[in-house]
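*Asks:* What follows is a structure written as structure tokens; I'll ask about it next.
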Amino acid sequence: MRIFLTGATGFIGSAVAAQLIAAGHQVTGPTRSQQGAAVLRAAGVEPLAGDITEPESLRRGAMASDGVIHTAFNHDFSTFPANCARDGLAIDALARALQGSSRPLLITSVVGMGADKPGALAVENHFNAEQPNPRKASELAGVAALSNNVNVSFIRLSQVHNRVKQGLITPLIALAREKGVSAWIDDGETRWSAVHLNDAAALYLLALNRAAPGSRYHAVAEEGIRLRTLAETIGRLLDLPVKSINAADAAAHFGWLSKFVALDMSASGALTQAQLGWQPTGPGLLADLAQMRV
């Protein structure tokens with residue numbers, strides 16, 4: 001198959017590209033720079049001029065493909081609501097190019113979309129369109145595409161990690177270095193789910209071939225790791241003291257991260273494993289943290 005892969009130079013997208021190529025697929029990815037084009041070619045990906053802010057380039061890439069995997073997202077959290085809205089527009093552009101065909105469109109979301117209330121374990125077969133999290137724009141765009149006869153399915157990510165990068169834990173490590181202390185909020189009992197990068201990439205490939213339209217899958221190998229445990233691990237890693245921060249002081253200490261550190265992002269991947277036969281085998285998040293270079 002010829003797959004159009006957005007975010008092909010990114011942390012997750014590059015791993016997906018490598019597994020697609022290893023499985024015999026041809027991969028095309030958008031980029032606006034010569035440097036990005038060189039990186040794609042070196043990875044065996046055919047560059048296409050454009051990016052997720054250019055709907056026409058997305059349309060061209062999708063039209064020329066046998067299927068689309070959308071992993072690109074702007075992770076500048078200072079403009080998070082706007083980034084989420086733009087992701088919805090990008091998904092709309094991709095979906096319009098595939099409308100009326102059976103060609104698959106896999107879009108990326110986050111496991112928090114599967115929680116029915118704060119602190120609840122997120123599950124695959126739940127989506128609350130009324131929740132305040134602006135990241136819902138991606139799934140709302142997917143739902144709209146489904147109603148327009150597009151073969152859409154959803155991959156929800158937990159904290160994706162390897163020994164180099166660990167989702168939101170990476171900025172927590174940078175913050176601990178800056179502050180000279182590794183911290184959590186109150187009792188630190190909120191939990192984050194996690195998955196190794198290679199296992200997450202493998203899930204995209206399984207879903208590409210086997211997903212039913214409208215299906216939601218969770219890239220979750222570990223259901224929930226306590227934030228206190230993560231902070232204590234970071235403290236040991238950096239040889240820093242650890243402490244609890246009162247919720248009232250969280251914004252001052254954590255900055256933009258305070259909204260996420262206060263959230264329970266635990267999630268189940270049981271339905272995903274049962275439906276697709278996905279079996280994560282990579283090391284756990286704490287094991288990767290223990291092996292990273294500091």
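We name chains A, B, ... following the order of the structure tokens; residues begin at 1 in each chain, and ligands are numbered from 1 as shown.
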At a cut-off of 7 Å, using only C-alpha atoms, what residues contact segment 198-211 of chain A? Leave out same-chain residues fewer than 3 positions from it and give the result as a PyMOL selection string.

*Replies:* chain A and resi 12+15-16+20+104+153+195+215+219+276+278+280-282

*Asks:* Give me the residues near Leu98 of chain A as a list of chain:residue names, where near means some atom within 8 Å (using only C-alpha atoms) and where sequence neighbours in that chain fewer than 4 positions away do not count.

*Replies:*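 Surrounding residues, per the criterion: A:Ala62, A:Met63, A:Leu94, A:Ser102, A:Arg103, A:Leu105, A:Val150.
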
*Asks:* Please, could you write that set of residues out with C-alpha atoms as a PDB file, in the first residue's frame?

*Replies:*
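And here is the file that came out, result00.pdb:
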ATOM      1  CA  ALA A  62      -4.383  11.724   0.643  1.00  0.00           C
ATOM      2  CA  MET A  63      -5.724  11.565  -2.917  1.00  0.00           C
ATOM      3  CA  LEU A  94      -7.726  14.579   4.772  1.00  0.00           C
ATOM      4  CA  SER A 102     -12.949   2.500   1.569  1.00  0.00           C
ATOM      5  CA  ARG A 103      -9.402   3.816   2.017  1.00  0.00           C
ATOM      6  CA  LEU A 105      -7.911   7.219   7.680  1.00  0.00           C
ATOM      7  CA  VAL A 150     -15.122   8.121   5.359  1.00  0.00           C
TER       8      VAL A 150
END

*Asks:* Using the chain letters and numbers from this document, which residues of segment 42-119 of chain A does DSSP assign to strand (DSSP E), as a list in words?

*Replies:*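 Restricting segment 42-119 of chain A to strand (DSSP E) produces Glu46, Pro47, Leu48, Ala49, Gly67, Val68, Ile69, His70, Pro104, Leu105, Leu106, Ile107, Thr108, Ser109 and Val110 of chain A.
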
*Asks:* Using only C-alpha atoms for the distances, tell me which of A:Thr170, A:Ser147, A:Ser244, A:Ser266 is nearest to Arg226 of chain A.

*Replies:* A:Ser266

*Asks:* List every residue of segment 81-200 of chain A that DSSP, applied to the backbone, labels as alpha helix (DSSP H), and write the result as a ChimeraX atom specification.

*Replies:* /A:81-98,136-147,169-179,197-200

*Asks:* Between A:Ser158, A:Val242, A:Leu168, A:Val123, which residue has the minimum interatomic distance to Ala270 of chain A, considering only C-alpha atoms?

*Replies:*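 Closest to Ala270 of chain A of all the choices is A:Val123.
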
*Asks:* So the first atom is atom CA of Ala95 of chain A and the second is atom CA of Arg59 of chain A; what is the distance between them in Å, to one decimal place?

*Replies:*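 Spanning atom CA of Ala95 of chain A to atom CA of Arg59 of chain A is a straight-line distance of 8.4 Å.
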
*Asks:* Give the answer as one residue: which of A:Arg41, A:Pro30, A:Gln166, A:Ser193 has the shortest atom-to-atom distance to Gly112 of chain A, using only C-alpha atoms?

*Replies:*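 Between A:Arg41, A:Pro30, A:Gln166, A:Ser193, the residue approaching Gly112 of chain A most closely is A:Ser193.
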
*Asks:* Restricting the calculation to only C-alpha atoms, which member of A:Pro118, A:Gly29, A:Pro47, A:Gly67 is positioned closest to Met1 of chain A?

*Replies:*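 Nearest to Met1 of chain A: A:Gly67.
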
*Asks:* Which residues of segment 152-185 of chain A sit at most 8 Å from segment 252-262 of chain A, using only C-alpha atoms? Give each one's shortest atom pair and distance in Å (one decimal place), in chain and ascending residue order, as a tab-separated table.

*Replies:*
residue	atom	partner	partner_atom	distance
A:Leu172	CA	A:Leu257	CA	7.8
A:Leu175	CA	A:Phe254	CA	7.4
A:Trp184	CA	A:Val261	CA	7.4
A:Ile185	CA	A:Ala262	CA	6.8

*Asks:* Counting only C-alpha atoms, which of A:Ala183, A:Leu271, A:Ala49, A:Cys84 gets nearest to Leu227 of chain A?

*Replies:*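 For Leu227 of chain A, the nearest of the given residues is A:Ala183.
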
*Asks:* Taking 4 positions as the minimum chain separation for residues in the same chain, which residues sit within 10 Å of Gly10 of chain A when counting only C-alpha atoms? Answer as a list in words.

*Replies:*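 The contact residues come out as Thr6, Ser14, Ala15, Val16, Ala17, Thr71, Ala72 and Phe73 of chain A.
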
*Asks:* Could those residues be written to a file, using C-alpha atoms, as a PDB file, in the first residue's frame?

*Replies:*
ATOM      1  CA  THR A   6       1.612  13.138   8.409  1.00  0.00           C
ATOM      2  CA  SER A  14       9.162   8.305  12.291  1.00  0.00           C
ATOM      3  CA  ALA A  15       8.667   5.057  14.224  1.00  0.00           C
ATOM      4  CA  VAL A  16       5.427   4.384  12.316  1.00  0.00           C
ATOM      5  CA  ALA A  17       7.205   5.092   9.021  1.00  0.00           C
ATOM      6  CA  THR A  71       0.241  11.547  13.552  1.00  0.00           C
ATOM      7  CA  ALA A  72       1.217  15.217  13.176  1.00  0.00           C
ATOM      8  CA  PHE A  73       0.300  17.663  15.944  1.00  0.00           C
TER       9      PHE A  73
END

*Asks:* Quick one: distance from atom CA of Asn128 of chain A to atom CA of Asn149 of chain A in Å, one decimal?

*Replies:* 21.6 Å

*Asks:* In Å to one decimal, how far is atom CA of Phe154 of chain A from atom CA of Met265 of chain A?

*Replies:*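 Those two atoms sit 17.5 Å apart.
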
*Asks:* Have a look at A:Thr190, A:Asp288, A:Ile234, A:Thr229 and name the one nearest to Ala120 of chain A; count only C-alpha atoms.

*Replies:* A:Thr190
